[in-house]
Amino acid sequence: MNAYATLGVEAGMLPPPGQVFGGVRHLLAARKDELDEMRGSLPSEPSSPYDSHPPIAERVARIEALPDDGRASEPVAPSLGLLADAERTLTAVEESVLTPEALRLRRVDWPELVHESMTVYAEQSARGFSAVVGEVTDSDGSLTAALDAIDAGALWQIADRLPKSDEARNATGRAAREFARPRLRAGLLQLAGGELVRQGRARWQLSWTDSATLKLPEGYEETLPAALDAAVEDMPDTEPLRKLLAS
């Protein structure tokens, strides 16, 4: 529910009608091997000292020890097959249990839901770094402003205004730069990813087996990390990153 069905709520979206609950079928199908592994390693201890039932492994063993009633040879099919019209029923369930506010949200197919919602959340996540760049440069905090600031020698001024751990706050010299470098790099990555999405050259990809990932242009999996590294070196070079974003 959190990772898929309601992923787009804060961005004003829900999956297609019937898919808020019905979408779990995609998840189960994609994670069949994972589920099979879980079935083979059932918990053999009570879930808590106050559990009134035997452990799952013991319950399953008792069921498997029952006399054969002949049904084991029957074909197994999803239980939704018992419904005359599963899609209509799943849609009706949503209309019964979702709030009026939720039912008014825009309905979007799964791939577009993931791309649009993750784009919104990525932009929100980048606002902190963008605000710092804006403060230092008196600009809009864009990626271009950040790169111009780095070229002007303001990289460590930006670093000074980023959130720091107590250890990083007490560090000086090269140690302070090493603490700051990953945060600077992460901020530039957020801005660069957003720029590639706006250009239509990168897209957030739906996965039913893992987290959503940003699909970059071909070859960028190798060249973008190197360009980010170059931009946050002690002697920064923004040219590789500029070239990638201008390609």
# chains A, B, ... in the order shown; residues from 1 in each chain; ligands from 1
$ closest_atom_pairs --of "region 168-188 of chain A" --to "region 142-146 of chain A" --cutoff "12 Å" --atoms "only C-alpha atoms" --output "tab-separated table"
residue	atom	partner	partner_atom	distance
A:Leu184	CA	A:Ala146	CA	10.2
A:Arg185	CA	A:Ala146	CA	11.4
A:Gly187	CA	A:Leu143	CA	9.5
A:Leu188	CA	A:Leu143	CA	7.2
$ select_by_dssp --residues "region 10-231 of chain A" --states "strand (DSSP E)" --output "NGL selection string"
:A and (13-14 or 106-107 or 203-205 or 213-215)
$ residues_around --residues "Trp208 (chain A)" --least-positions-apart "4" --cutoff "7 Å" --atoms "only C-alpha atoms" --output "list in words"
His26, Leu27 and Ala30 of chain A
$ residues_around --residues "region 165-173 of chain A" --least-positions-apart "5" --cutoff "12 Å" --atoms "only C-alpha atoms" --output "PDB file with N, CA and C atoms, in the first residue's frame"
ATOM      1  N   TRP A 156      32.860  25.620  -1.541  1.00  0.00           N
ATOM      2  CA  TRP A 156      32.937  25.364  -0.106  1.00  0.00           C
ATOM      3  C   TRP A 156      32.066  26.336   0.686  1.00  0.00           C
ATOM      4  N   ALA A 159      29.018  24.339   0.695  1.00  0.00           N
ATOM      5  CA  ALA A 159      29.190  23.245   1.646  1.00  0.00           C
ATOM      6  C   ALA A 159      28.989  23.714   3.083  1.00  0.00           C
ATOM      7  N   ASP A 160      29.460  24.920   3.394  1.00  0.00           N
ATOM      8  CA  ASP A 160      29.348  25.434   4.762  1.00  0.00           C
ATOM      9  C   ASP A 160      27.901  25.590   5.203  1.00  0.00           C
ATOM     10  N   GLU A 178      36.176  16.502   3.218  1.00  0.00           N
ATOM     11  CA  GLU A 178      35.791  15.113   2.978  1.00  0.00           C
ATOM     12  C   GLU A 178      34.400  14.822   3.542  1.00  0.00           C
ATOM     13  N   PHE A 179      34.058  15.466   4.662  1.00  0.00           N
ATOM     14  CA  PHE A 179      32.703  15.324   5.188  1.00  0.00           C
ATOM     15  C   PHE A 179      31.689  15.967   4.246  1.00  0.00           C
ATOM     16  N   ALA A 180      32.047  17.105   3.674  1.00  0.00           N
ATOM     17  CA  ALA A 180      31.106  17.862   2.848  1.00  0.00           C
ATOM     18  C   ALA A 180      30.934  17.290   1.452  1.00  0.00           C
ATOM     19  N   ARG A 181      31.983  16.647   0.931  1.00  0.00           N
ATOM     20  CA  ARG A 181      31.959  16.234  -0.469  1.00  0.00           C
ATOM     21  C   ARG A 181      30.765  15.347  -0.833  1.00  0.00           C
ATOM     22  N   PRO A 182      30.437  14.319  -0.034  1.00  0.00           N
ATOM     23  CA  PRO A 182      29.281  13.487  -0.409  1.00  0.00           C
ATOM     24  C   PRO A 182      27.970  14.261  -0.449  1.00  0.00           C
ATOM     25  N   ARG A 183      27.783  15.230   0.458  1.00  0.00           N
ATOM     26  CA  ARG A 183      26.560  16.027   0.455  1.00  0.00           C
ATOM     27  C   ARG A 183      26.502  16.931  -0.776  1.00  0.00           C
ATOM     28  N   ASP A 234      38.845  18.996  -5.045  1.00  0.00           N
ATOM     29  CA  ASP A 234      39.470  20.193  -4.466  1.00  0.00           C
ATOM     30  C   ASP A 234      39.705  21.258  -5.538  1.00  0.00           C
TER      31      ASP A 234
END
$ residues_around --residues "Arg88 (chain A)" --least-positions-apart "5" --cutoff "12 Å" --atoms "only C-alpha atoms" --output "PyMOL selection string"
chain A and resi 17-19+22+80+83+93-95
$ write_last_selection --atoms "N, CA and C atoms" --output "mmCIF file, in the first residue's frame"
data_model
loop_
_atom_site.group_PDB
_atom_site.id
_atom_site.type_symbol
_atom_site.label_atom_id
_atom_site.label_comp_id
_atom_site.auth_asym_id
_atom_site.auth_seq_id
_atom_site.Cartn_x
_atom_site.Cartn_y
_atom_site.Cartn_z
ATOM 1 N N PRO A 17 -8.763 2.675 -11.745
ATOM 2 C CA PRO A 17 -9.835 2.078 -10.943
ATOM 3 C C PRO A 17 -9.682 0.559 -10.831
ATOM 4 N N GLY A 18 -9.824 0.055 -9.605
ATOM 5 C CA GLY A 18 -9.688 -1.374 -9.357
ATOM 6 C C GLY A 18 -8.278 -1.819 -9.036
ATOM 7 N N GLN A 19 -7.298 -0.907 -9.231
ATOM 8 C CA GLN A 19 -5.900 -1.288 -9.043
ATOM 9 C C GLN A 19 -5.328 -0.887 -7.680
ATOM 10 N N GLY A 22 -6.357 -4.227 -6.400
ATOM 11 C CA GLY A 22 -6.089 -5.249 -7.414
ATOM 12 C C GLY A 22 -4.656 -5.281 -7.890
ATOM 13 N N LEU A 80 -9.622 -14.792 -6.988
ATOM 14 C CA LEU A 80 -10.445 -13.806 -7.680
ATOM 15 C C LEU A 80 -11.281 -14.454 -8.780
ATOM 16 N N LEU A 83 -15.086 -14.771 -8.498
ATOM 17 C CA LEU A 83 -15.973 -13.638 -8.735
ATOM 18 C C LEU A 83 -16.415 -13.595 -10.196
ATOM 19 N N VAL A 93 -15.132 -2.060 -4.419
ATOM 20 C CA VAL A 93 -14.515 -2.034 -3.094
ATOM 21 C C VAL A 93 -13.864 -0.673 -2.843
ATOM 22 N N GLU A 94 -13.158 -0.160 -3.847
ATOM 23 C CA GLU A 94 -12.536 1.155 -3.703
ATOM 24 C C GLU A 94 -13.580 2.233 -3.417
ATOM 25 N N GLU A 95 -14.690 2.189 -4.156
ATOM 26 C CA GLU A 95 -15.732 3.196 -3.977
ATOM 27 C C GLU A 95 -16.347 3.122 -2.586
#
$ closest_atom_pairs --of "region 57-124 of chain A" --to "region 5-11 of chain A" --cutoff "10 Å" --atoms "only C-alpha atoms" --output "CSV"
residue,atom,partner,partner_atom,distance
A:Ala102,CA,A:Val9,CA,7.9
A:Leu105,CA,A:Val9,CA,7.7
A:Arg106,CA,A:Val9,CA,9.2
A:Arg107,CA,A:Gly8,CA,9.7
A:Val108,CA,A:Gly8,CA,9.2
A:Trp110,CA,A:Ala5,CA,9.2
A:Leu113,CA,A:Gly8,CA,6.4
A:Val114,CA,A:Gly8,CA,7.2
A:His115,CA,A:Gly8,CA,9.5
A:Glu116,CA,A:Ala11,CA,7.9
A:Ser117,CA,A:Gly8,CA,5.0
A:Met118,CA,A:Gly8,CA,8.0
A:Thr119,CA,A:Ala11,CA,9.3
A:Val120,CA,A:Ala11,CA,6.6
A:Tyr121,CA,A:Ala11,CA,7.9
$ write_last_selection --atoms "all heavy atoms" --output "compact mmCIF listing (two decimals), in the first residue's frame"
# COMPACT_ATOMS: atom_id res chain seq x y z
N ALA A 102 -9.96 10.94 -1.73
CA ALA A 102 -9.14 9.99 -2.48
C ALA A 102 -9.80 9.64 -3.82
O ALA A 102 -9.12 9.53 -4.85
CB ALA A 102 -8.90 8.73 -1.68
N LEU A 105 -9.02 11.93 -6.72
CA LEU A 105 -7.67 12.03 -7.27
C LEU A 105 -7.63 11.52 -8.70
O LEU A 105 -8.42 10.66 -9.11
CB LEU A 105 -6.70 11.23 -6.40
CG LEU A 105 -6.48 11.73 -4.97
CD1 LEU A 105 -5.54 10.79 -4.22
CD2 LEU A 105 -5.93 13.15 -4.95
N ARG A 106 -6.67 12.05 -9.46
CA ARG A 106 -6.50 11.64 -10.85
C ARG A 106 -6.03 10.19 -10.91
O ARG A 106 -5.16 9.78 -10.15
CB ARG A 106 -5.46 12.56 -11.51
CG ARG A 106 -5.25 12.35 -12.99
CD ARG A 106 -4.55 13.57 -13.60
NE ARG A 106 -3.28 13.84 -12.95
CZ ARG A 106 -2.09 13.48 -13.46
NH1 ARG A 106 -2.04 12.83 -14.61
NH2 ARG A 106 -0.98 13.79 -12.82
N ARG A 107 -6.60 9.41 -11.84
CA ARG A 107 -6.22 8.00 -12.01
C ARG A 107 -5.23 7.88 -13.16
O ARG A 107 -5.48 8.36 -14.27
CB ARG A 107 -7.45 7.13 -12.27
CG ARG A 107 -8.48 7.13 -11.14
CD ARG A 107 -7.85 6.67 -9.83
NE ARG A 107 -8.82 6.51 -8.77
CZ ARG A 107 -9.25 5.34 -8.31
NH1 ARG A 107 -8.77 4.22 -8.81
NH2 ARG A 107 -10.14 5.28 -7.34
N VAL A 108 -4.10 7.21 -12.89
CA VAL A 108 -3.00 7.14 -13.85
C VAL A 108 -2.49 5.71 -13.93
O VAL A 108 -2.41 5.02 -12.91
CB VAL A 108 -1.84 8.08 -13.42
CG1 VAL A 108 -0.74 8.11 -14.47
CG2 VAL A 108 -2.36 9.49 -13.16
N TRP A 110 0.05 2.56 -14.08
CA TRP A 110 1.17 2.34 -13.16
C TRP A 110 2.48 2.98 -13.62
O TRP A 110 3.13 3.68 -12.83
CB TRP A 110 1.36 0.84 -12.94
CG TRP A 110 0.35 0.22 -12.04
CD1 TRP A 110 -0.65 -0.64 -12.37
CD2 TRP A 110 0.23 0.42 -10.61
NE1 TRP A 110 -1.39 -1.00 -11.26
CE2 TRP A 110 -0.86 -0.37 -10.17
CE3 TRP A 110 0.94 1.16 -9.69
CZ2 TRP A 110 -1.25 -0.42 -8.84
CZ3 TRP A 110 0.56 1.12 -8.35
CH2 TRP A 110 -0.52 0.34 -7.94
N LEU A 113 2.21 6.69 -13.28
CA LEU A 113 2.06 7.03 -11.86
C LEU A 113 3.41 7.10 -11.18
O LEU A 113 3.71 8.05 -10.43
CB LEU A 113 1.18 5.99 -11.18
CG LEU A 113 1.07 6.08 -9.65
CD1 LEU A 113 0.17 7.23 -9.25
CD2 LEU A 113 0.57 4.78 -9.04
N VAL A 114 4.24 6.09 -11.41
CA VAL A 114 5.57 6.06 -10.79
C VAL A 114 6.42 7.21 -11.30
O VAL A 114 7.07 7.93 -10.51
CB VAL A 114 6.26 4.71 -11.05
CG1 VAL A 114 7.72 4.75 -10.64
CG2 VAL A 114 5.52 3.59 -10.32
N HIS A 115 6.44 7.43 -12.61
CA HIS A 115 7.28 8.50 -13.17
C HIS A 115 6.84 9.87 -12.65
O HIS A 115 7.68 10.66 -12.18
CB HIS A 115 7.22 8.47 -14.69
CG HIS A 115 7.93 9.63 -15.33
ND1 HIS A 115 9.30 9.80 -15.24
CD2 HIS A 115 7.46 10.71 -16.02
CE1 HIS A 115 9.65 10.91 -15.87
NE2 HIS A 115 8.56 11.48 -16.33
N GLU A 116 5.56 10.16 -12.73
CA GLU A 116 5.09 11.49 -12.35
C GLU A 116 5.27 11.75 -10.85
O GLU A 116 5.71 12.83 -10.45
CB GLU A 116 3.62 11.66 -12.74
CG GLU A 116 3.39 11.78 -14.24
CD GLU A 116 1.98 12.23 -14.55
OE1 GLU A 116 1.37 12.95 -13.73
OE2 GLU A 116 1.47 11.86 -15.62
N SER A 117 4.90 10.77 -10.03
CA SER A 117 4.99 10.98 -8.58
C SER A 117 6.44 11.06 -8.13
O SER A 117 6.81 11.93 -7.32
CB SER A 117 4.24 9.88 -7.83
OG SER A 117 4.73 8.59 -8.16
N MET A 118 7.32 10.19 -8.65
CA MET A 118 8.72 10.24 -8.27
C MET A 118 9.39 11.53 -8.74
O MET A 118 10.29 12.06 -8.08
CB MET A 118 9.47 9.03 -8.82
CG MET A 118 9.08 7.71 -8.15
SD MET A 118 9.36 7.70 -6.37
CE MET A 118 11.13 7.92 -6.29
N THR A 119 8.94 12.06 -9.88
CA THR A 119 9.46 13.34 -10.35
C THR A 119 9.12 14.45 -9.37
O THR A 119 9.97 15.28 -9.02
CB THR A 119 8.88 13.68 -11.74
OG1 THR A 119 9.32 12.69 -12.69
CG2 THR A 119 9.34 15.05 -12.21
N VAL A 120 7.88 14.44 -8.88
CA VAL A 120 7.46 15.45 -7.90
C VAL A 120 8.27 15.32 -6.62
O VAL A 120 8.78 16.31 -6.07
CB VAL A 120 5.95 15.31 -7.60
CG1 VAL A 120 5.56 16.16 -6.39
CG2 VAL A 120 5.13 15.69 -8.81
N TYR A 121 8.42 14.08 -6.13
CA TYR A 121 9.13 13.89 -4.86
C TYR A 121 10.62 14.21 -4.99
O TYR A 121 11.24 14.71 -4.04
CB TYR A 121 8.93 12.45 -4.36
CG TYR A 121 7.47 12.08 -4.19
CD1 TYR A 121 7.04 10.78 -4.40
CD2 TYR A 121 6.52 13.04 -3.85
CE1 TYR A 121 5.70 10.43 -4.26
CE2 TYR A 121 5.19 12.70 -3.71
CZ TYR A 121 4.78 11.40 -3.92
OH TYR A 121 3.45 11.07 -3.79
$ select_by_dssp --residues "region 25-122 of chain A" --states "alpha helix (DSSP H)" --output "PyMOL selection string"
chain A and resi 25-30+32-39+56-64+86-97+100-103+110-122
$ closest_residue --among "A:Leu214, A:Val232, A:Gln199, A:Leu244" --to "Ile158 (chain A)" --atoms "only C-alpha atoms"
A:Val232
$ residues_around --residues "Ala202 (chain A)" --least-positions-apart "5" --cutoff "7 Å" --atoms "only C-alpha atoms" --output "list in words"
Leu196, Val197, Leu214, Lys215, Leu216 and Pro217 of chain A
$ write_last_selection --atoms "N, CA, C and O atoms" --output "JSON list (two decimals), in the first residue's frame"
[["chain", "number", "residue", "atom", "x", "y", "z"],
["A", 196, "LEU", "N", 17.67, 16.30, -16.31],
["A", 196, "LEU", "CA", 17.52, 15.28, -17.35],
["A", 196, "LEU", "C", 16.07, 14.86, -17.52],
["A", 196, "LEU", "O", 15.62, 14.59, -18.64],
["A", 197, "VAL", "N", 15.32, 14.81, -16.43],
["A", 197, "VAL", "CA", 13.89, 14.49, -16.51],
["A", 197, "VAL", "C", 13.17, 15.60, -17.26],
["A", 197, "VAL", "O", 12.33, 15.34, -18.13],
["A", 214, "LEU", "N", 15.74, 5.76, -11.55],
["A", 214, "LEU", "CA", 15.78, 6.74, -12.63],
["A", 214, "LEU", "C", 16.57, 6.16, -13.80],
["A", 214, "LEU", "O", 17.76, 5.91, -13.67],
["A", 215, "LYS", "N", 15.90, 5.96, -14.91],
["A", 215, "LYS", "CA", 16.54, 5.43, -16.11],
["A", 215, "LYS", "C", 17.23, 6.58, -16.84],
["A", 215, "LYS", "O", 16.60, 7.50, -17.35],
["A", 216, "LEU", "N", 18.56, 6.52, -16.89],
["A", 216, "LEU", "CA", 19.36, 7.58, -17.48],
["A", 216, "LEU", "C", 19.62, 7.31, -18.96],
["A", 216, "LEU", "O", 19.45, 6.18, -19.43],
["A", 217, "PRO", "N", 20.05, 8.31, -19.72],
["A", 217, "PRO", "CA", 20.41, 8.07, -21.11],
["A", 217, "PRO", "C", 21.53, 7.02, -21.20],
["A", 217, "PRO", "O", 22.30, 6.84, -20.26]]
$ atom_distance --atom1 "CA of Gln205 (chain A)" --atom2 "CA of Ala131 (chain A)"
27.5 Å
$ closest_residue --among "A:Thr89, A:Pro111, A:Leu155, A:Leu245" --to "Gly200 (chain A)" --atoms "only C-alpha atoms"
A:Leu245
$ atom_distance --atom1 "CA of Phe129 (chain A)" --atom2 "CA of Ala192 (chain A)"
12.0 Å
$ closest_residue --among "A:Leu35, A:Asp109, A:Tyr220, A:Ala230" --to "Pro15 (chain A)" --atoms "only C-alpha atoms"
A:Asp109
$ decode --residues "region 118-239 of chain A" --atoms "C-alpha atoms" --output "short mmCIF file (atom, residue, chain, number, x, y, z; two decimals), in the first residue's frame"
data_model
loop_
_atom_site.label_atom_id
_atom_site.label_comp_id
_atom_site.auth_asym_id
_atom_site.auth_seq_id
_atom_site.Cartn_x
_atom_site.Cartn_y
_atom_site.Cartn_z
CA MET A 118 8.72 10.24 -8.27
CA THR A 119 9.46 13.34 -10.35
CA VAL A 120 7.46 15.45 -7.90
CA TYR A 121 9.13 13.89 -4.86
CA ALA A 122 12.61 14.22 -6.37
CA GLU A 123 11.97 17.92 -6.99
CA GLN A 124 10.83 18.33 -3.38
CA SER A 125 13.92 16.53 -2.12
CA ALA A 126 16.20 18.80 -4.17
CA ARG A 127 14.71 22.02 -2.74
CA GLY A 128 17.00 22.08 0.30
CA PHE A 129 20.19 22.01 -1.76
CA SER A 130 18.70 24.39 -4.31
CA ALA A 131 17.82 26.86 -1.54
CA VAL A 132 21.40 26.82 -0.26
CA VAL A 133 22.74 27.47 -3.76
CA GLY A 134 20.26 30.32 -4.09
CA GLU A 135 21.38 31.88 -0.81
CA VAL A 136 25.06 31.74 -1.74
CA THR A 137 24.63 32.98 -5.31
CA ASP A 138 21.52 35.17 -4.98
CA SER A 139 20.00 33.14 -7.80
CA ASP A 140 17.19 30.69 -8.54
CA GLY A 141 19.27 27.82 -7.12
CA SER A 142 19.21 25.93 -10.43
CA LEU A 143 21.83 23.49 -11.60
CA THR A 144 23.31 26.15 -13.90
CA ALA A 145 23.58 28.52 -10.94
CA ALA A 146 25.29 25.81 -8.89
CA LEU A 147 27.83 25.06 -11.63
CA ASP A 148 28.50 28.77 -12.17
CA ALA A 149 29.05 29.14 -8.42
CA ILE A 150 31.51 26.24 -8.40
CA ASP A 151 33.41 27.81 -11.31
CA ALA A 152 33.50 31.08 -9.33
CA GLY A 153 35.10 29.31 -6.36
CA ALA A 154 32.01 29.14 -4.12
CA LEU A 155 31.88 25.34 -3.75
CA TRP A 156 32.94 25.36 -0.11
CA GLN A 157 30.67 28.31 0.69
CA ILE A 158 27.78 26.10 -0.41
CA ALA A 159 29.19 23.25 1.65
CA ASP A 160 29.35 25.43 4.76
CA ARG A 161 25.58 26.04 4.63
CA LEU A 162 24.54 22.40 4.17
CA PRO A 163 23.30 20.40 7.19
CA LYS A 164 26.16 18.80 9.13
CA SER A 165 26.65 16.12 11.75
CA ASP A 166 28.34 17.14 15.00
CA GLU A 167 31.52 15.45 13.82
CA ALA A 168 31.47 17.28 10.49
CA ARG A 169 30.74 20.59 12.24
CA ASN A 170 33.86 20.21 14.38
CA ALA A 171 36.12 19.21 11.49
CA THR A 172 38.49 21.62 9.75
CA GLY A 173 40.65 21.66 6.66
CA ARG A 174 40.75 18.59 4.49
CA ALA A 175 38.69 16.56 6.96
CA ALA A 176 35.88 19.12 6.69
CA ARG A 177 36.01 18.91 2.89
CA GLU A 178 35.79 15.11 2.98
CA PHE A 179 32.70 15.32 5.19
CA ALA A 180 31.11 17.86 2.85
CA ARG A 181 31.96 16.23 -0.47
CA PRO A 182 29.28 13.49 -0.41
CA ARG A 183 26.56 16.03 0.46
CA LEU A 184 27.68 18.34 -2.34
CA ARG A 185 27.76 15.45 -4.78
CA ALA A 186 24.30 14.25 -3.70
CA GLY A 187 22.85 17.72 -4.15
CA LEU A 188 24.32 18.07 -7.64
CA LEU A 189 23.00 14.61 -8.51
CA GLN A 190 19.49 15.66 -7.47
CA LEU A 191 19.67 18.78 -9.64
CA ALA A 192 21.20 16.90 -12.57
CA GLY A 193 18.58 14.14 -12.41
CA GLY A 194 15.80 16.73 -12.35
CA GLU A 195 17.29 18.51 -15.34
CA LEU A 196 17.52 15.28 -17.35
CA VAL A 197 13.89 14.49 -16.51
CA ARG A 198 12.80 17.98 -17.62
CA GLN A 199 14.70 17.48 -20.88
CA GLY A 200 12.79 14.21 -21.40
CA ARG A 201 16.05 12.23 -21.43
CA ALA A 202 15.56 10.40 -18.13
CA ARG A 203 12.52 8.65 -16.73
CA TRP A 204 11.53 7.01 -13.46
CA GLN A 205 10.99 3.28 -13.98
CA LEU A 206 8.38 1.10 -12.27
CA SER A 207 9.64 -2.14 -10.73
CA TRP A 208 7.49 -4.70 -8.94
CA THR A 209 10.57 -6.30 -7.39
CA ASP A 210 12.54 -3.26 -6.21
CA SER A 211 12.38 0.48 -5.66
CA ALA A 212 11.70 2.82 -8.56
CA THR A 213 14.89 3.85 -10.36
CA LEU A 214 15.78 6.74 -12.63
CA LYS A 215 16.54 5.43 -16.11
CA LEU A 216 19.36 7.58 -17.48
CA PRO A 217 20.41 8.07 -21.11
CA GLU A 218 22.60 5.32 -22.52
CA GLY A 219 26.14 5.47 -21.15
CA TYR A 220 25.32 7.89 -18.34
CA GLU A 221 25.52 5.19 -15.67
CA GLU A 222 29.30 5.45 -16.06
CA THR A 223 29.85 9.04 -17.21
CA LEU A 224 27.51 10.87 -14.81
CA PRO A 225 29.20 9.61 -11.59
CA ALA A 226 32.60 10.61 -12.97
CA ALA A 227 31.30 14.05 -13.93
CA LEU A 228 29.84 14.57 -10.44
CA ASP A 229 33.13 13.52 -8.85
CA ALA A 230 35.00 16.04 -10.98
CA ALA A 231 32.65 18.85 -9.94
CA VAL A 232 33.34 18.39 -6.21
CA GLU A 233 37.11 17.85 -6.30
CA ASP A 234 39.47 20.19 -4.47
CA MET A 235 40.10 21.72 -7.90
CA PRO A 236 36.57 21.42 -9.33
CA ASP A 237 35.89 20.87 -13.02
CA THR A 238 32.27 21.40 -14.08
CA GLU A 239 32.87 20.93 -17.79
#
